[in-house]
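Novice: Here it is: the structure, laid out below.
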Amino acid sequence: MGGITNDEVERLRAGVDIGDYVTREAEIKILKIDKEKNISRLEITIHEGKNRQVRKMCEAIR
């Protein structure tokens, strides 16, 4: 996913359009951001289980 911004985290929390579906609000906890390696580690709690939902959510905010 790379480095994540506060705006992107807020978009995930609010719910995002992943094509044919708008996700419900999610709980996001930033575990680690490594700017040198350009990676972020998040804990994402979702309240529904659509096919590949977390992957699609992350792609939708980029």
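By order in the structure tokens, chains are A, B, ...; within a chain, residues start at 1; ligands start at 1, following the order shown.
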I'd like to know which residues of chain A are alpha helix (DSSP H) (by DSSP, run on the backbone); could you write them as a list in words?
Specialist: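 Those in chain A that DSSP calls alpha helix (DSSP H) are Asn6, Asp7, Glu8, Val9, Glu10, Arg11, Leu12, Arg13, Ala14, Gln53, Val54, Arg55, Lys56, Met57, Cys58, Glu59 and Ala60 of chain A.
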Novice: Keeping only all heavy atoms, take the residues you just selected and write them out as a short mmCIF file (atom, residue, chain, number, x, y, z; two decimals), in the first residue's frame.
Specialist:
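The new file out-v3.cif reads:
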```cif
data_model
loop_
_atom_site.label_atom_id
_atom_site.label_comp_id
_atom_site.auth_asym_id
_atom_site.auth_seq_id
_atom_site.Cartn_x
_atom_site.Cartn_y
_atom_site.Cartn_z
N ASN A 6 -3.22 10.97 6.53
CA ASN A 6 -4.36 11.09 7.43
C ASN A 6 -5.67 11.19 6.66
O ASN A 6 -6.69 10.66 7.08
CB ASN A 6 -4.20 12.31 8.35
CG ASN A 6 -3.14 12.09 9.39
OD1 ASN A 6 -2.87 10.96 9.80
ND2 ASN A 6 -2.51 13.16 9.83
N ASP A 7 -5.64 11.87 5.51
CA ASP A 7 -6.84 12.00 4.68
C ASP A 7 -7.30 10.62 4.20
O ASP A 7 -8.51 10.32 4.20
CB ASP A 7 -6.55 12.91 3.48
CG ASP A 7 -7.76 13.09 2.59
OD1 ASP A 7 -8.83 13.50 3.12
OD2 ASP A 7 -7.64 12.82 1.38
N GLU A 8 -6.37 9.78 3.80
CA GLU A 8 -6.72 8.44 3.33
C GLU A 8 -7.29 7.59 4.47
O GLU A 8 -8.24 6.83 4.27
CB GLU A 8 -5.50 7.76 2.70
CG GLU A 8 -5.07 8.41 1.40
CD GLU A 8 -3.73 7.94 0.90
OE1 GLU A 8 -2.87 7.56 1.72
OE2 GLU A 8 -3.54 7.98 -0.34
N VAL A 9 -6.74 7.73 5.66
CA VAL A 9 -7.26 7.00 6.82
C VAL A 9 -8.69 7.43 7.10
O VAL A 9 -9.57 6.60 7.35
CB VAL A 9 -6.36 7.21 8.06
CG1 VAL A 9 -7.02 6.66 9.31
CG2 VAL A 9 -5.00 6.57 7.86
N GLU A 10 -8.95 8.72 7.05
CA GLU A 10 -10.30 9.23 7.30
C GLU A 10 -11.29 8.74 6.24
O GLU A 10 -12.44 8.43 6.56
CB GLU A 10 -10.31 10.76 7.36
CG GLU A 10 -9.63 11.31 8.59
CD GLU A 10 -10.17 10.74 9.89
OE1 GLU A 10 -11.42 10.64 10.05
OE2 GLU A 10 -9.37 10.37 10.76
N ARG A 11 -10.85 8.64 5.00
CA ARG A 11 -11.71 8.11 3.94
C ARG A 11 -12.05 6.65 4.20
O ARG A 11 -13.20 6.23 4.01
CB ARG A 11 -11.05 8.27 2.58
CG ARG A 11 -11.04 9.74 2.14
CD ARG A 11 -10.27 9.98 0.87
NE ARG A 11 -10.70 9.14 -0.25
CZ ARG A 11 -9.97 8.89 -1.32
NH1 ARG A 11 -8.76 9.43 -1.43
NH2 ARG A 11 -10.42 8.14 -2.29
N LEU A 12 -11.08 5.86 4.66
CA LEU A 12 -11.36 4.47 5.00
C LEU A 12 -12.34 4.38 6.17
O LEU A 12 -13.24 3.55 6.16
CB LEU A 12 -10.07 3.73 5.36
CG LEU A 12 -9.12 3.39 4.23
CD1 LEU A 12 -7.82 2.84 4.79
CD2 LEU A 12 -9.76 2.38 3.29
N ARG A 13 -12.16 5.22 7.16
CA ARG A 13 -13.04 5.21 8.33
C ARG A 13 -14.47 5.55 7.96
O ARG A 13 -15.41 4.99 8.52
CB ARG A 13 -12.54 6.21 9.38
CG ARG A 13 -11.35 5.73 10.14
CD ARG A 13 -10.97 6.66 11.27
NE ARG A 13 -9.87 6.09 12.01
CZ ARG A 13 -8.79 6.76 12.40
NH1 ARG A 13 -8.68 8.04 12.12
NH2 ARG A 13 -7.83 6.16 13.06
N ALA A 14 -14.65 6.46 7.01
CA ALA A 14 -15.99 6.93 6.64
C ALA A 14 -16.72 5.95 5.72
O ALA A 14 -17.94 5.99 5.62
CB ALA A 14 -15.88 8.29 5.96
N GLN A 53 -12.73 -7.29 0.12
CA GLN A 53 -13.15 -5.94 0.52
C GLN A 53 -12.00 -5.05 0.96
O GLN A 53 -11.90 -3.91 0.52
CB GLN A 53 -14.19 -6.02 1.63
CG GLN A 53 -14.67 -4.65 2.08
CD GLN A 53 -15.75 -4.74 3.12
OE1 GLN A 53 -16.41 -5.75 3.26
NE2 GLN A 53 -15.94 -3.67 3.86
N VAL A 54 -11.12 -5.53 1.80
CA VAL A 54 -10.03 -4.69 2.31
C VAL A 54 -9.10 -4.28 1.17
O VAL A 54 -8.70 -3.13 1.06
CB VAL A 54 -9.25 -5.40 3.44
CG1 VAL A 54 -8.02 -4.61 3.84
CG2 VAL A 54 -10.16 -5.61 4.64
N ARG A 55 -8.79 -5.21 0.29
CA ARG A 55 -7.94 -4.89 -0.87
C ARG A 55 -8.60 -3.82 -1.74
O ARG A 55 -7.96 -2.85 -2.15
CB ARG A 55 -7.70 -6.15 -1.70
CG ARG A 55 -6.84 -5.88 -2.93
CD ARG A 55 -6.69 -7.08 -3.81
NE ARG A 55 -6.12 -8.19 -3.05
CZ ARG A 55 -5.91 -9.39 -3.54
NH1 ARG A 55 -6.23 -9.66 -4.78
NH2 ARG A 55 -5.39 -10.32 -2.80
N LYS A 56 -9.88 -3.97 -1.99
CA LYS A 56 -10.61 -3.00 -2.82
C LYS A 56 -10.70 -1.64 -2.13
O LYS A 56 -10.62 -0.60 -2.78
CB LYS A 56 -12.00 -3.52 -3.15
CG LYS A 56 -11.99 -4.69 -4.10
CD LYS A 56 -13.39 -5.20 -4.35
CE LYS A 56 -13.41 -6.41 -5.25
NZ LYS A 56 -14.77 -6.94 -5.45
N MET A 57 -10.86 -1.63 -0.81
CA MET A 57 -10.92 -0.37 -0.06
C MET A 57 -9.60 0.37 -0.21
O MET A 57 -9.58 1.59 -0.45
CB MET A 57 -11.22 -0.64 1.41
CG MET A 57 -12.63 -1.08 1.69
SD MET A 57 -12.88 -1.63 3.38
CE MET A 57 -12.58 -0.13 4.31
N CYS A 58 -8.49 -0.33 -0.06
CA CYS A 58 -7.17 0.30 -0.16
C CYS A 58 -6.91 0.81 -1.57
O CYS A 58 -6.34 1.88 -1.75
CB CYS A 58 -6.09 -0.67 0.29
SG CYS A 58 -6.16 -1.06 2.05
N GLU A 59 -7.34 0.08 -2.58
CA GLU A 59 -7.17 0.52 -3.96
C GLU A 59 -8.04 1.76 -4.24
O GLU A 59 -7.63 2.63 -4.99
CB GLU A 59 -7.53 -0.61 -4.93
CG GLU A 59 -6.53 -1.74 -4.94
CD GLU A 59 -7.00 -2.94 -5.75
OE1 GLU A 59 -8.16 -2.95 -6.23
OE2 GLU A 59 -6.20 -3.88 -5.87
N ALA A 60 -9.22 1.83 -3.64
CA ALA A 60 -10.16 2.93 -3.89
C ALA A 60 -9.67 4.27 -3.36
O ALA A 60 -10.03 5.32 -3.90
CB ALA A 60 -11.52 2.62 -3.31
#
```
Novice: Please provide the set of residues having any atom within 7 Å of stretch 42-49 of chain A, restricted to only C-alpha atoms, with same-chain residues fewer than 5 positions apart removed, written as a list in words.
Specialist: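 Listed by chain and then number, they are Arg24, Ala26, Glu27, Ile28, Lys29, Ile30 and Leu31 of chain A.
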Novice: Determine which residues of chain A receive a DSSP assignment of strand (DSSP E or B), computed from the backbone, and state them as a PDB file with N, CA and C atoms, in the first residue's frame.
Specialist:
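The result, written out as selection00.pdb:
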```
ATOM      1  N   ASP A  17     -16.433   3.844  -1.800  1.00  0.00           N
ATOM      2  CA  ASP A  17     -17.092   3.174  -2.914  1.00  0.00           C
ATOM      3  C   ASP A  17     -16.086   2.219  -3.544  1.00  0.00           C
ATOM      4  N   VAL A  22     -20.806   0.542  -1.483  1.00  0.00           N
ATOM      5  CA  VAL A  22     -20.158   1.511  -0.595  1.00  0.00           C
ATOM      6  C   VAL A  22     -20.027   0.839   0.766  1.00  0.00           C
ATOM      7  N   GLU A  27     -13.113   0.599  11.381  1.00  0.00           N
ATOM      8  CA  GLU A  27     -12.201   1.044  12.431  1.00  0.00           C
ATOM      9  C   GLU A  27     -10.786   0.855  11.912  1.00  0.00           C
ATOM     10  N   ILE A  28      -9.996   1.930  11.955  1.00  0.00           N
ATOM     11  CA  ILE A  28      -8.631   1.893  11.439  1.00  0.00           C
ATOM     12  C   ILE A  28      -7.672   2.282  12.552  1.00  0.00           C
ATOM     13  N   LYS A  29      -6.661   1.455  12.751  1.00  0.00           N
ATOM     14  CA  LYS A  29      -5.605   1.764  13.712  1.00  0.00           C
ATOM     15  C   LYS A  29      -4.286   1.711  12.954  1.00  0.00           C
ATOM     16  N   ILE A  30      -3.526   2.799  13.005  1.00  0.00           N
ATOM     17  CA  ILE A  30      -2.212   2.827  12.363  1.00  0.00           C
ATOM     18  C   ILE A  30      -1.218   2.170  13.311  1.00  0.00           C
ATOM     19  N   LEU A  31      -0.634   1.077  12.872  1.00  0.00           N
ATOM     20  CA  LEU A  31       0.329   0.366  13.696  1.00  0.00           C
ATOM     21  C   LEU A  31       1.750   0.863  13.462  1.00  0.00           C
ATOM     22  N   LYS A  32       2.084   1.153  12.173  1.00  0.00           N
ATOM     23  CA  LYS A  32       3.441   1.584  11.863  1.00  0.00           C
ATOM     24  C   LYS A  32       3.460   2.253  10.500  1.00  0.00           C
ATOM     25  N   ILE A  33       4.192   3.344  10.401  1.00  0.00           N
ATOM     26  CA  ILE A  33       4.457   3.982   9.114  1.00  0.00           C
ATOM     27  C   ILE A  33       5.965   4.105   8.986  1.00  0.00           C
ATOM     28  N   ASP A  34       6.516   3.475   7.966  1.00  0.00           N
ATOM     29  CA  ASP A  34       7.951   3.525   7.709  1.00  0.00           C
ATOM     30  C   ASP A  34       8.156   4.321   6.424  1.00  0.00           C
ATOM     31  N   ILE A  39       6.181   2.053   3.511  1.00  0.00           N
ATOM     32  CA  ILE A  39       5.153   1.083   3.851  1.00  0.00           C
ATOM     33  C   ILE A  39       4.374   1.557   5.074  1.00  0.00           C
ATOM     34  N   SER A  40       3.143   1.108   5.157  1.00  0.00           N
ATOM     35  CA  SER A  40       2.293   1.374   6.315  1.00  0.00           C
ATOM     36  C   SER A  40       1.697   0.062   6.784  1.00  0.00           C
ATOM     37  N   ARG A  41       1.562  -0.072   8.080  1.00  0.00           N
ATOM     38  CA  ARG A  41       0.923  -1.257   8.645  1.00  0.00           C
ATOM     39  C   ARG A  41      -0.308  -0.775   9.404  1.00  0.00           C
ATOM     40  N   LEU A  42      -1.478  -1.275   8.996  1.00  0.00           N
ATOM     41  CA  LEU A  42      -2.738  -0.861   9.579  1.00  0.00           C
ATOM     42  C   LEU A  42      -3.473  -2.058  10.155  1.00  0.00           C
ATOM     43  N   GLU A  43      -4.306  -1.793  11.142  1.00  0.00           N
ATOM     44  CA  GLU A  43      -5.258  -2.784  11.619  1.00  0.00           C
ATOM     45  C   GLU A  43      -6.625  -2.267  11.190  1.00  0.00           C
ATOM     46  N   ILE A  44      -7.314  -3.017  10.341  1.00  0.00           N
ATOM     47  CA  ILE A  44      -8.595  -2.599   9.794  1.00  0.00           C
ATOM     48  C   ILE A  44      -9.668  -3.555  10.283  1.00  0.00           C
ATOM     49  N   THR A  45     -10.692  -3.005  10.948  1.00  0.00           N
ATOM     50  CA  THR A  45     -11.826  -3.799  11.400  1.00  0.00           C
ATOM     51  C   THR A  45     -13.030  -3.409  10.565  1.00  0.00           C
TER      52      THR A  45
END
```
